[in-house]
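Here is the file structure.txt (compact mmCIF, C-alpha atoms and all ligand atoms).
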# COMPACT_ATOMS: atom_id res chain seq x y z
CA MET A 21 0.00 0.00 0.00
CA VAL A 22 1.72 3.24 -1.10
CA THR A 23 0.74 6.45 0.84
CA VAL A 24 0.25 9.93 -0.72
CA THR A 25 3.63 11.08 0.70
CA ASN A 26 5.43 8.49 -1.32
CA LEU A 27 3.51 9.31 -4.47
CA VAL A 28 4.42 13.00 -4.08
CA LEU A 29 8.05 12.05 -3.49
CA THR A 30 8.14 9.75 -6.47
CA ALA A 31 6.45 12.37 -8.64
CA ALA A 32 8.95 14.98 -7.45
CA LEU A 33 11.86 12.70 -8.28
CA ALA A 34 10.32 11.96 -11.67
CA ALA A 35 9.79 15.72 -12.29
CA LEU A 36 13.46 16.32 -11.51
CA GLY A 37 14.33 13.45 -13.81
CA LEU A 38 15.93 11.81 -10.81
CA ALA A 39 13.54 8.85 -10.78
CA SER A 40 14.95 7.87 -14.15
CA ALA A 41 18.40 8.09 -12.55
CA LEU A 42 17.52 4.82 -10.80
CA PRO A 43 19.61 2.03 -12.31
CA PRO A 44 17.62 0.35 -15.11
CA LYS A 45 16.32 -3.10 -14.27
CA ILE A 46 19.07 -5.14 -15.87
CA GLY A 47 17.90 -8.63 -16.51
CA THR A 48 19.86 -11.38 -18.20
CA ILE A 49 21.58 -10.18 -21.35
CA ARG A 50 20.41 -12.69 -23.92
CA THR A 51 23.39 -14.55 -25.29
CA GLY A 52 23.14 -14.75 -29.01
CA ASP A 53 21.40 -11.42 -29.17
CA GLU A 54 24.75 -9.78 -29.85
CA LYS A 55 24.16 -10.56 -33.49
CA ASN A 56 20.91 -8.65 -33.30
CA SER A 57 22.54 -5.65 -31.61
CA PRO A 58 23.70 -2.72 -33.76
CA ASN A 59 27.39 -2.90 -34.67
CA LEU A 60 28.86 0.19 -33.01
CA GLY A 61 32.38 -0.43 -34.36
CA SER A 62 35.36 -1.97 -32.60
CA GLY A 63 35.55 -1.92 -28.82
CA ARG A 64 31.92 -0.93 -28.38
CA ALA A 65 28.81 -3.01 -28.19
CA SER A 66 25.18 -2.56 -27.37
CA PHE A 67 23.13 -5.33 -25.79
CA LYS A 68 19.38 -5.58 -25.59
CA GLN A 69 18.53 -5.78 -21.88
CA VAL A 70 15.77 -8.14 -20.96
CA ARG A 71 14.15 -8.98 -17.69
CA GLY A 72 14.87 -12.46 -16.36
CA SER A 73 11.85 -14.63 -17.04
CA ARG A 74 11.28 -14.92 -13.28
CA TYR A 75 11.27 -11.12 -12.67
CA ARG A 76 8.37 -10.02 -10.46
CA PHE A 77 7.77 -6.21 -10.15
CA ASN A 78 7.37 -5.25 -6.48
CA GLY A 79 6.09 -1.63 -6.30
CA ALA A 80 6.50 -1.18 -2.56
CA ARG A 81 10.09 -2.36 -2.73
CA ALA A 82 10.78 -0.04 -5.71
CA VAL A 83 9.57 3.01 -3.74
CA TYR A 84 11.46 1.81 -0.65
CA LYS A 85 14.69 1.69 -2.72
CA THR A 86 14.11 5.31 -3.74
CA TYR A 87 13.94 6.36 -0.10
CA LEU A 88 17.16 4.42 0.62
CA LYS A 89 18.89 5.86 -2.45
CA TYR A 90 18.23 9.45 -1.36
CA GLY A 91 18.70 8.83 2.35
CA VAL A 92 15.07 9.59 3.24
CA PRO A 93 13.71 7.60 6.22
CA ALA A 94 10.96 5.28 4.95
CA PRO A 95 7.56 5.66 6.66
CA GLU A 96 6.37 2.76 8.81
CA ASP A 97 3.55 1.78 6.48
CA LEU A 98 5.97 1.54 3.55
CA VAL A 99 8.27 -0.75 5.52
CA LYS A 100 5.23 -2.93 6.34
CA ALA A 101 4.16 -2.95 2.68
CA VAL A 102 7.59 -4.16 1.60
CA ALA A 103 7.54 -6.97 4.18
CA HIS A 104 4.03 -7.96 3.07
CA THR A 105 4.80 -8.09 -0.65
CA ASP A 106 8.13 -9.87 -0.10
CA ALA A 107 6.23 -12.54 1.84
CA LEU A 108 3.82 -12.96 -1.05
CA TYR A 109 6.64 -13.31 -3.59
CA SER A 110 8.72 -15.64 -1.44
CA ALA A 111 5.72 -18.02 -1.38
CA GLU A 112 5.59 -17.77 -5.15
CA VAL A 113 9.31 -18.35 -5.56
CA LYS A 114 8.83 -21.81 -4.08
CA ARG A 115 6.75 -22.73 -7.17
CA GLY A 116 8.31 -25.16 -9.63
CA THR A 117 10.15 -25.22 -12.87
CA GLY A 118 11.97 -27.98 -14.69
CA SER A 119 14.47 -28.30 -17.52
CA ALA A 120 15.63 -31.49 -19.20
CA ALA A 121 17.55 -32.54 -22.31
CA ALA A 122 15.82 -33.82 -25.44
CA VAL A 123 18.35 -36.20 -27.01
CA PRO A 124 18.03 -37.65 -30.55
CA ILE A 125 17.75 -41.46 -30.33
CA ASN A 126 19.84 -41.86 -33.49
CA ALA A 127 23.12 -40.11 -34.32
CA ASP A 128 22.42 -40.06 -38.07
CA PHE A 129 18.90 -38.62 -38.17
CA ASP A 130 16.32 -37.36 -35.73
CA ILE A 131 13.78 -40.20 -35.58
CA ALA A 132 12.72 -39.12 -32.09
CA TYR A 133 14.06 -37.43 -28.97
CA VAL A 134 14.19 -38.92 -25.48
CA THR A 135 14.41 -37.23 -22.10
CA PRO A 136 15.51 -38.79 -18.78
CA VAL A 137 12.60 -39.22 -16.35
CA THR A 138 12.90 -40.66 -12.84
CA LEU A 139 10.04 -42.74 -11.46
CA GLY A 140 9.40 -43.98 -7.93
CA THR A 141 11.42 -44.50 -4.76
CA PRO A 142 14.30 -45.19 -5.01
CA PRO A 143 14.34 -43.44 -8.41
CA GLN A 144 14.23 -45.56 -11.55
CA THR A 145 15.41 -43.57 -14.58
CA LEU A 146 13.93 -44.22 -18.03
CA GLN A 147 14.48 -42.42 -21.35
CA LEU A 148 11.04 -41.29 -22.48
CA ASP A 149 9.75 -39.69 -25.69
CA PHE A 150 7.90 -36.45 -24.88
CA ASP A 151 4.92 -36.44 -27.20
CA SER A 152 2.65 -33.39 -27.52
CA GLY A 153 0.57 -35.49 -29.95
CA SER A 154 -0.73 -37.87 -27.28
CA SER A 155 -1.66 -37.83 -23.58
CA ASP A 156 -0.61 -41.10 -21.93
CA LEU A 157 2.52 -41.47 -19.80
CA TRP A 158 3.37 -45.13 -20.40
CA VAL A 159 6.53 -47.11 -19.81
CA PHE A 160 8.16 -50.43 -20.54
CA SER A 161 7.57 -52.31 -17.32
CA SER A 162 8.24 -55.46 -15.32
CA HIS A 163 4.75 -56.58 -16.44
CA LEU A 164 5.90 -57.08 -20.03
CA PRO A 165 6.82 -60.51 -21.44
CA THR A 166 10.63 -60.50 -21.75
CA SER A 167 10.19 -61.39 -25.44
CA GLN A 168 8.87 -57.86 -26.01
CA ILE A 169 11.80 -56.14 -24.29
CA ARG A 170 14.97 -55.58 -26.32
CA GLY A 171 17.34 -53.46 -24.25
CA GLN A 172 14.79 -50.92 -23.00
CA GLN A 173 14.93 -49.75 -19.38
CA ILE A 174 11.86 -50.88 -17.44
CA TYR A 175 9.89 -49.47 -14.51
CA ALA A 176 9.17 -52.05 -11.83
CA PRO A 177 6.42 -50.70 -9.52
CA ASN A 178 7.06 -53.51 -7.04
CA LYS A 179 10.52 -52.03 -6.46
CA SER A 180 9.13 -48.59 -5.61
CA SER A 181 7.94 -47.90 -2.05
CA THR A 182 5.76 -45.04 -3.31
CA ALA A 183 4.03 -46.96 -6.16
CA LYS A 184 0.32 -47.60 -5.76
CA LEU A 185 -1.80 -49.79 -8.06
CA LEU A 186 -4.72 -47.88 -9.61
CA ASP A 187 -6.98 -50.86 -9.03
CA GLY A 188 -9.30 -51.89 -11.88
CA HIS A 189 -7.81 -49.42 -14.36
CA SER A 190 -6.28 -50.21 -17.74
CA TRP A 191 -5.15 -48.41 -20.86
CA SER A 192 -4.65 -49.12 -24.54
CA ILE A 193 -3.29 -46.76 -27.17
CA THR A 194 -2.73 -46.91 -30.93
CA TYR A 195 -0.71 -44.19 -32.66
CA GLY A 196 -1.02 -42.78 -36.14
CA ASP A 197 1.85 -44.94 -37.38
CA GLY A 198 0.04 -48.12 -36.29
CA SER A 199 2.24 -48.73 -33.25
CA GLY A 200 0.62 -49.24 -29.87
CA SER A 201 0.72 -50.59 -26.34
CA ARG A 202 -1.59 -51.46 -23.44
CA GLY A 203 -1.45 -52.40 -19.76
CA ASN A 204 -2.34 -51.54 -16.17
CA VAL A 205 -1.83 -48.37 -14.13
CA TYR A 206 0.09 -47.30 -11.03
CA THR A 207 0.58 -43.90 -9.46
CA ASP A 208 4.02 -42.84 -8.30
CA ASN A 209 6.39 -39.87 -8.09
CA VAL A 210 7.64 -38.67 -11.48
CA THR A 211 10.50 -36.16 -11.84
CA VAL A 212 11.57 -34.33 -15.01
CA GLY A 213 14.54 -31.99 -14.83
CA GLY A 214 14.04 -31.18 -11.14
CA LEU A 215 10.24 -30.86 -11.36
CA THR A 216 8.38 -33.56 -9.41
CA VAL A 217 4.74 -34.62 -9.63
CA GLY A 218 3.57 -36.91 -6.83
CA SER A 219 0.91 -39.53 -7.64
CA GLN A 220 1.33 -39.24 -11.42
CA ALA A 221 -0.47 -42.00 -13.32
CA ILE A 222 2.22 -44.28 -14.76
CA GLU A 223 0.77 -46.62 -17.37
CA CYS A 224 2.71 -49.88 -17.18
CA ALA A 225 2.93 -51.78 -20.46
CA GLN A 226 1.84 -55.41 -20.44
CA GLN A 227 2.01 -55.52 -24.24
CA VAL A 228 3.78 -53.35 -26.84
CA SER A 229 3.75 -53.54 -30.65
CA SER A 230 6.80 -54.80 -32.48
CA SER A 231 7.85 -51.30 -33.56
CA PHE A 232 8.26 -50.34 -29.89
CA THR A 233 10.12 -53.56 -29.11
CA THR A 234 12.58 -52.86 -31.93
CA GLU A 235 12.94 -49.15 -31.01
CA ASP A 236 15.33 -49.95 -28.18
CA HIS A 237 16.17 -46.32 -27.32
CA ILE A 238 12.61 -45.45 -26.32
CA ASP A 239 11.51 -46.74 -22.89
CA GLY A 240 8.05 -45.20 -23.17
CA LEU A 241 6.27 -41.91 -23.76
CA VAL A 242 5.26 -38.83 -21.78
CA GLY A 243 2.09 -37.49 -23.36
CA LEU A 244 1.99 -33.68 -23.42
CA GLY A 245 -1.27 -33.37 -25.32
CA PHE A 246 -4.46 -32.32 -23.52
CA SER A 247 -5.66 -34.82 -20.91
CA THR A 248 -8.93 -35.34 -22.81
CA LEU A 249 -6.96 -37.75 -25.04
CA ASN A 250 -5.82 -39.96 -22.14
CA THR A 251 -6.86 -43.62 -22.66
CA VAL A 252 -6.97 -44.85 -19.04
CA SER A 253 -10.32 -46.44 -18.19
CA PRO A 254 -12.69 -46.34 -16.35
CA LYS A 255 -11.30 -43.01 -15.04
CA SER A 256 -9.01 -41.11 -17.42
CA GLN A 257 -5.85 -39.60 -15.91
CA LEU A 258 -4.08 -36.25 -16.13
CA THR A 259 -0.85 -35.72 -18.02
CA PHE A 260 2.38 -34.83 -16.25
CA PHE A 261 2.03 -31.24 -17.47
CA ASP A 262 -1.59 -30.92 -16.32
CA ASN A 263 -0.63 -32.31 -12.89
CA ALA A 264 2.38 -29.98 -12.63
CA LYS A 265 0.69 -26.87 -14.00
CA SER A 266 -0.72 -25.41 -10.76
CA ASN A 267 2.74 -25.54 -9.17
CA LEU A 268 4.60 -24.00 -12.09
CA ASP A 269 5.77 -20.37 -12.11
CA SER A 270 3.89 -20.14 -15.41
CA PRO A 271 1.54 -22.77 -16.98
CA VAL A 272 3.82 -23.42 -19.94
CA PHE A 273 6.30 -25.89 -21.35
CA THR A 274 8.70 -25.07 -24.16
CA ALA A 275 10.35 -27.22 -26.82
CA ASP A 276 13.79 -26.29 -28.11
CA LEU A 277 14.48 -29.31 -30.33
CA LYS A 278 17.65 -29.34 -32.42
CA TYR A 279 18.98 -30.87 -35.63
CA LYS A 280 21.15 -33.89 -34.81
CA GLN A 281 21.96 -32.60 -31.33
CA ALA A 282 20.38 -32.41 -27.91
CA GLY A 283 17.85 -29.68 -27.20
CA THR A 284 15.69 -29.05 -24.13
CA TYR A 285 12.20 -29.20 -22.75
CA ASP A 286 11.55 -26.53 -20.09
CA PHE A 287 8.57 -26.48 -17.76
CA GLY A 288 7.17 -23.42 -16.01
CA PHE A 289 9.27 -20.69 -17.58
CA ILE A 290 10.37 -19.21 -20.88
CA ASP A 291 14.15 -19.05 -21.26
CA GLU A 292 14.88 -15.82 -23.11
CA ALA A 293 18.35 -17.11 -24.02
CA LYS A 294 16.82 -19.84 -26.20
CA TYR A 295 15.28 -17.60 -28.86
CA THR A 296 15.80 -14.38 -30.76
CA GLY A 297 13.33 -11.65 -31.62
CA GLU A 298 9.76 -11.92 -30.40
CA ILE A 299 7.47 -14.89 -29.76
CA THR A 300 4.37 -14.93 -31.99
CA TYR A 301 1.40 -16.43 -30.18
CA VAL A 302 -1.67 -17.84 -31.95
CA PRO A 303 -4.82 -19.47 -30.53
CA VAL A 304 -4.97 -23.23 -29.89
CA ASN A 305 -8.04 -25.36 -30.46
CA SER A 306 -7.67 -28.08 -27.81
CA ASP A 307 -10.62 -30.10 -29.12
CA PRO A 308 -10.23 -33.08 -29.28
CA GLY A 309 -6.93 -32.75 -27.42
CA TYR A 310 -4.09 -31.82 -29.78
CA TRP A 311 -2.14 -28.54 -29.85
CA THR A 312 -4.02 -27.47 -32.99
CA PHE A 313 -3.08 -24.03 -34.32
CA PRO A 314 -3.44 -22.03 -37.56
CA SER A 315 -0.41 -21.54 -39.79
CA SER A 316 -0.72 -18.50 -42.08
CA GLY A 317 0.83 -19.99 -45.22
CA TYR A 318 4.03 -21.22 -46.84
CA ALA A 319 6.79 -20.64 -49.36
CA VAL A 320 9.02 -23.09 -51.25
CA GLY A 321 12.64 -21.98 -51.37
CA SER A 322 12.95 -18.34 -52.43
CA GLY A 323 9.49 -18.40 -54.02
CA ASN A 324 6.62 -16.13 -53.11
CA PHE A 325 4.82 -16.69 -49.84
CA THR A 326 1.36 -18.17 -50.36
CA ALA A 327 -1.05 -16.89 -47.72
CA SER A 328 -3.26 -19.79 -46.72
CA SER A 329 -4.72 -20.76 -43.34
CA ILE A 330 -3.47 -24.26 -42.57
CA SER A 331 -4.83 -25.94 -39.43
CA GLY A 332 -2.37 -28.44 -37.99
CA ILE A 333 -1.03 -29.89 -34.77
CA ALA A 334 2.32 -29.25 -33.10
CA ASP A 335 3.52 -32.78 -32.44
CA THR A 336 6.88 -33.36 -30.74
CA GLY A 337 6.30 -37.12 -31.00
CA THR A 338 6.17 -37.21 -34.80
CA SER A 339 9.41 -37.02 -36.79
CA LEU A 340 8.23 -35.40 -40.02
CA VAL A 341 5.93 -32.67 -41.34
CA TYR A 342 2.65 -33.74 -42.99
CA LEU A 343 0.81 -31.07 -45.02
CA PRO A 344 -1.90 -30.89 -47.72
CA THR A 345 -0.96 -32.57 -51.00
CA ALA A 346 -1.09 -29.30 -52.97
CA ILE A 347 1.65 -27.81 -50.79
CA VAL A 348 3.76 -30.96 -50.85
CA THR A 349 3.60 -31.35 -54.64
CA ALA A 350 4.54 -27.67 -55.02
CA TYR A 351 7.61 -28.39 -52.90
CA TYR A 352 8.76 -31.56 -54.70
CA ARG A 353 8.24 -29.94 -58.12
CA GLN A 354 11.42 -28.08 -57.19
CA VAL A 355 13.37 -31.27 -56.41
CA GLN A 356 15.22 -32.99 -59.27
CA GLY A 357 14.21 -36.66 -59.49
CA ALA A 358 11.58 -36.56 -56.75
CA THR A 359 8.75 -39.10 -56.95
CA ASN A 360 5.90 -40.07 -54.69
CA SER A 361 6.88 -43.70 -54.15
CA ARG A 362 4.27 -46.28 -53.24
CA SER A 363 6.96 -48.78 -52.29
CA TYR A 364 8.68 -46.36 -49.92
CA GLY A 365 5.41 -44.84 -48.74
CA GLY A 366 6.09 -41.22 -49.59
CA TYR A 367 8.13 -38.66 -51.51
CA VAL A 368 11.69 -39.79 -52.21
CA PHE A 369 14.50 -38.30 -54.28
CA PRO A 370 18.19 -38.89 -55.05
CA CYS A 371 20.09 -38.11 -51.81
CA ALA A 372 22.41 -35.90 -53.87
CA SER A 373 19.50 -33.69 -54.98
CA THR A 374 19.59 -30.02 -54.04
CA LEU A 375 16.53 -29.32 -51.91
CA PRO A 376 14.84 -25.98 -51.43
CA THR A 377 14.07 -24.67 -47.96
CA PHE A 378 10.45 -24.66 -46.77
CA THR A 379 9.05 -21.59 -45.03
CA PHE A 380 5.84 -21.58 -42.99
CA GLY A 381 3.97 -18.70 -41.43
CA VAL A 382 2.65 -18.26 -37.91
CA GLY A 383 0.72 -14.99 -37.95
CA ALA A 384 3.05 -12.42 -39.46
CA ALA A 385 6.13 -14.43 -38.47
CA ARG A 386 7.99 -16.67 -40.91
CA PHE A 387 9.99 -19.80 -40.07
CA THR A 388 12.30 -21.42 -42.59
CA ILE A 389 13.13 -25.11 -42.39
CA PRO A 390 16.65 -25.63 -43.76
CA ALA A 391 17.06 -28.01 -46.71
CA ALA A 392 19.19 -30.34 -44.56
CA TYR A 393 16.22 -30.99 -42.25
CA LEU A 394 14.08 -31.86 -45.29
CA ASN A 395 16.60 -34.35 -46.67
CA TYR A 396 15.51 -36.63 -43.89
CA ALA A 397 17.24 -39.98 -44.34
CA PRO A 398 18.18 -42.71 -46.83
CA VAL A 399 15.20 -45.02 -47.41
CA THR A 400 17.41 -47.86 -46.22
CA PRO A 401 20.88 -47.60 -44.67
CA GLY A 402 23.41 -46.61 -47.34
CA SER A 403 20.80 -46.13 -50.08
CA ALA A 404 21.29 -43.31 -52.62
CA THR A 405 17.55 -42.66 -52.44
CA CYS A 406 16.40 -40.40 -49.62
CA PHE A 407 13.06 -39.89 -47.89
CA GLY A 408 11.66 -36.40 -47.57
CA GLY A 409 11.06 -34.63 -44.26
CA LEU A 410 7.90 -33.14 -45.79
CA GLN A 411 5.14 -35.60 -46.72
CA SER A 412 1.48 -35.46 -47.67
CA SER A 413 -1.12 -35.49 -44.90
CA SER A 414 -3.81 -36.94 -47.21
CA GLY A 415 -3.36 -40.44 -45.75
CA VAL A 416 -3.04 -39.12 -42.17
CA GLY A 417 -6.23 -37.06 -42.06
CA ILE A 418 -4.62 -34.23 -40.08
CA ASN A 419 -1.79 -31.79 -40.80
CA ILE A 420 1.16 -32.39 -38.48
CA TRP A 421 4.04 -30.04 -37.66
CA GLY A 422 6.44 -32.67 -36.39
CA ASP A 423 10.07 -32.44 -35.29
CA VAL A 424 11.36 -31.39 -38.76
CA ALA A 425 9.44 -28.13 -38.29
CA LEU A 426 9.67 -27.81 -34.50
CA LYS A 427 13.47 -27.92 -34.51
CA ALA A 428 13.51 -24.88 -36.77
CA ALA A 429 11.97 -22.80 -33.98
CA PHE A 430 11.56 -22.26 -30.24
CA VAL A 431 8.01 -23.28 -29.34
CA VAL A 432 5.98 -22.28 -26.26
CA PHE A 433 3.07 -24.55 -25.36
CA ASN A 434 0.97 -22.26 -23.18
CA GLY A 435 -1.46 -24.29 -21.07
CA GLY A 436 -3.17 -21.20 -19.68
CA ASN A 437 -6.83 -20.35 -20.20
CA PRO A 438 -7.25 -20.09 -23.13
CA PRO A 439 -4.35 -22.18 -24.37
CA THR A 440 -2.09 -20.66 -27.02
CA ILE A 441 1.09 -21.65 -28.80
CA GLY A 442 4.04 -19.37 -29.39
CA TRP A 443 6.72 -19.61 -32.08
CA ALA A 444 10.04 -17.78 -32.10
CA ALA A 445 13.19 -17.87 -34.20
CA LYS A 446 16.40 -19.09 -32.60
C1 LIG B 1 7.82 -46.90 -32.42
S1 LIG B 1 8.51 -45.45 -31.95
C2 LIG B 1 7.17 -44.34 -31.65
C3 LIG B 1 7.43 -43.16 -30.97
C4 LIG B 1 6.41 -42.27 -30.71
C5 LIG B 1 5.12 -42.57 -31.13
C6 LIG B 1 4.00 -41.61 -30.84
N1 LIG B 1 4.08 -40.45 -31.72
C7 LIG B 1 3.21 -40.46 -32.80
C8 LIG B 1 2.13 -39.35 -32.69
O1 LIG B 1 2.34 -38.43 -31.70
C9 LIG B 1 4.86 -43.75 -31.83
C10 LIG B 1 5.88 -44.65 -32.08
Mind turning the file's structure into structure tokens?
Ligand SMILES: CSc1ccc(CNCCO)cc1
Amino acid sequence: MVTVTNLVLTAALAALGLASALPPKIGTIRTGDEKNSPNLGSGRASFKQVRGSRYRFNGARAVYKTYLKYGVPAPEDLVKAVAHTDALYSAEVKRGTGSAAAVPINADFDIAYVTPVTLGTPPQTLQLDFDSGSSDLWVFSSHLPTSQIRGQQIYAPNKSSTAKLLDGHSWSITYGDGSGSRGNVYTDNVTVGGLTVGSQAIECAQQVSSSFTTEDHIDGLVGLGFSTLNTVSPKSQLTFFDNAKSNLDSPVFTADLKYKQAGTYDFGFIDEAKYTGEITYVPVNSDPGYWTFPSSGYAVGSGNFTASSISGIADTGTSLVYLPTAIVTAYYRQVQGATNSRSYGGYVFPCASTLPTFTFGVGAARFTIPAAYLNYAPVTPGSATCFGGLQSSSGVGINIWGDVALKAAFVVFNGGNPPTIGWAAK
């Protein structure tokens, strides 16, 4: 509560221009922004100052600092106000955040990314695929036949003192690529990058499809879609993010996926050092449960930008980009030797072909996917024929902005009300 005296004092200081003499709030100087700062010649530099993402303005404390700066005894009620607001913020500071690596499962091309997750007591660490295109947290478990396990780490609830069976509950999921799994359900502590959720539903696999058995670097998935998609029955369960949300500094998680190197998933805060420029936010339609957002159009290589509203989902659990056939054919018309191969199940081309970039719009912002990301991988190891990172969505039934697009940007999944998604360059 700021009294009239203080307002007069502050106004007086402002009138004298002294208030502006207060040191500017210097937050973290964004590394990487140097390139965006004007070049002032040798020996000089200018950096854009930004507030740390955890900055909380405290008015009472700001006025109190003015009194201290000019040696004016602070009135009693101001001292009380500072103590009161500090107490409020200290409670908030205890809220959570998390940050964990997203590591490609294959050195040669980015099939998927896994993140270490600890489950139970004592902690059991599994490498899980964070998937914003689904909403089940399921793991390879001690309930699987050993014939279906090929090197994956497993979660054994009977070895965790904090595991509790969710009696009478089961789950079964089938993904767009035909893979799937099913099993029973426990609750236990789950920690991602320092952020812990107690009593998180952990869906223990009793059966997995062959593609999961052979994918030995993935020990399960963490669904980051909306909880409406969760398959647990008879009572569906909340995702890790939905359970964590109320304890996060901010109801967000961010994806900073990278090309052939580890990136990060952050929970509860936006790391200003991970992007450049501004974040462009657009609305999300969370029905039926995907992060569905409108893209504003596209361009192939250096061609003109075609304005066109494209509704699609941001899906960290899908490797490639799937868009309407008209867009995809326009792209591959620019690729020497490209064909839509029935035998390989999509657009392929000679690996030596020169590929154009692909640019997509989010609002007024433009994001360009480098050609290297779009020359996804040889159709078989060592083949001279390569599979495209951009494919048609006609067989999928939904447009998907998978990892090939996501790793060209810094993406904010805002789980606030209403939900939005933000895209920034990096
Ligand atoms: C067999 S490896 C595998 C990894 C992730 C998924 C789920 N992602 C698809 C849609 O989000 C399926 C299979």
Next item on the list: Return as number ranges by chain the residues of protein, DNA or RNA that approach ligand LIG 1 (chain B) to within 10 Å, with only C-alpha atoms and all ligand atoms taken into account.
Entry: A: 131-134, 148-155, 193-201, 228-245, 310, 333-339, 420, 422
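Each of A:Ala384, A:Ala264, A:Val99, A:Cys371 was compared to A:Arg115 using only C-alpha atoms, and A:Ala264 turns out to be the nearest.
Atom CA of A:Pro303 is found 21.3 Å from atom CA of A:Lys446.
Counting from atom CA of A:Ser161, the distance to atom CA of A:His189 is 15.9 Å.
Nearest to A:Val416 of all the residues A:Pro398, A:Gly332, A:Gly442, A:Gly214 is A:Gly332, counting all atoms listed in the file.
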Next item on the list: Counting only C-alpha atoms, figure out which residue out of A:Pro124, A:Ala82, A:Ser412, A:Phe380 gets nearest to A:Ala346.
Entry: A:Ser412
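Using all atoms listed in the file, the residues found no farther than 12 Å from A:Thr326, other than those of its own chain fewer than 2 positions away, are Ser315, Ser316, Gly317, Tyr318, Ala319, Val320, Gly321, Ser322, Gly323, Asn324, Ser328, Ser329, Ile330, Ala346, Ile347, Ala350, Phe378, Thr379, Phe380, Gly381 and Arg386 of chain A.
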Check: Using all atoms listed in the file, which residues sit within 12 Å of A:Gln144 once same-chain residues fewer than 6 positions away are excluded, as JSON, numbers by chain?
Finding: {"A": [136, 137, 138, 159, 160, 161, 173, 174, 175, 176, 177, 178, 179, 180, 181, 182, 183, 208, 209, 210, 211, 239]}
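In this structure, atom CA of A:Thr388 sits 25.7 Å away from atom CA of A:Ala404.
Distance check against A:Gly116 using all atoms listed in the file: of A:Gly91, A:Gly288, A:Gly203, A:Pro143, the minimum falls on A:Gly288.
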Margin query: Residues within 8 Å of A:Tyr279, please, as number ranges by chain. Count all atoms listed in the file; anything in the same chain fewer than 4 positions from it doesn't count.
Written below: A: 130, 393, 427
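Comparing A:Asp276, A:Asp269, A:Asp128, A:Asp156 by their smallest distance to A:Tyr295, the closest is A:Asp276 (using all atoms listed in the file).
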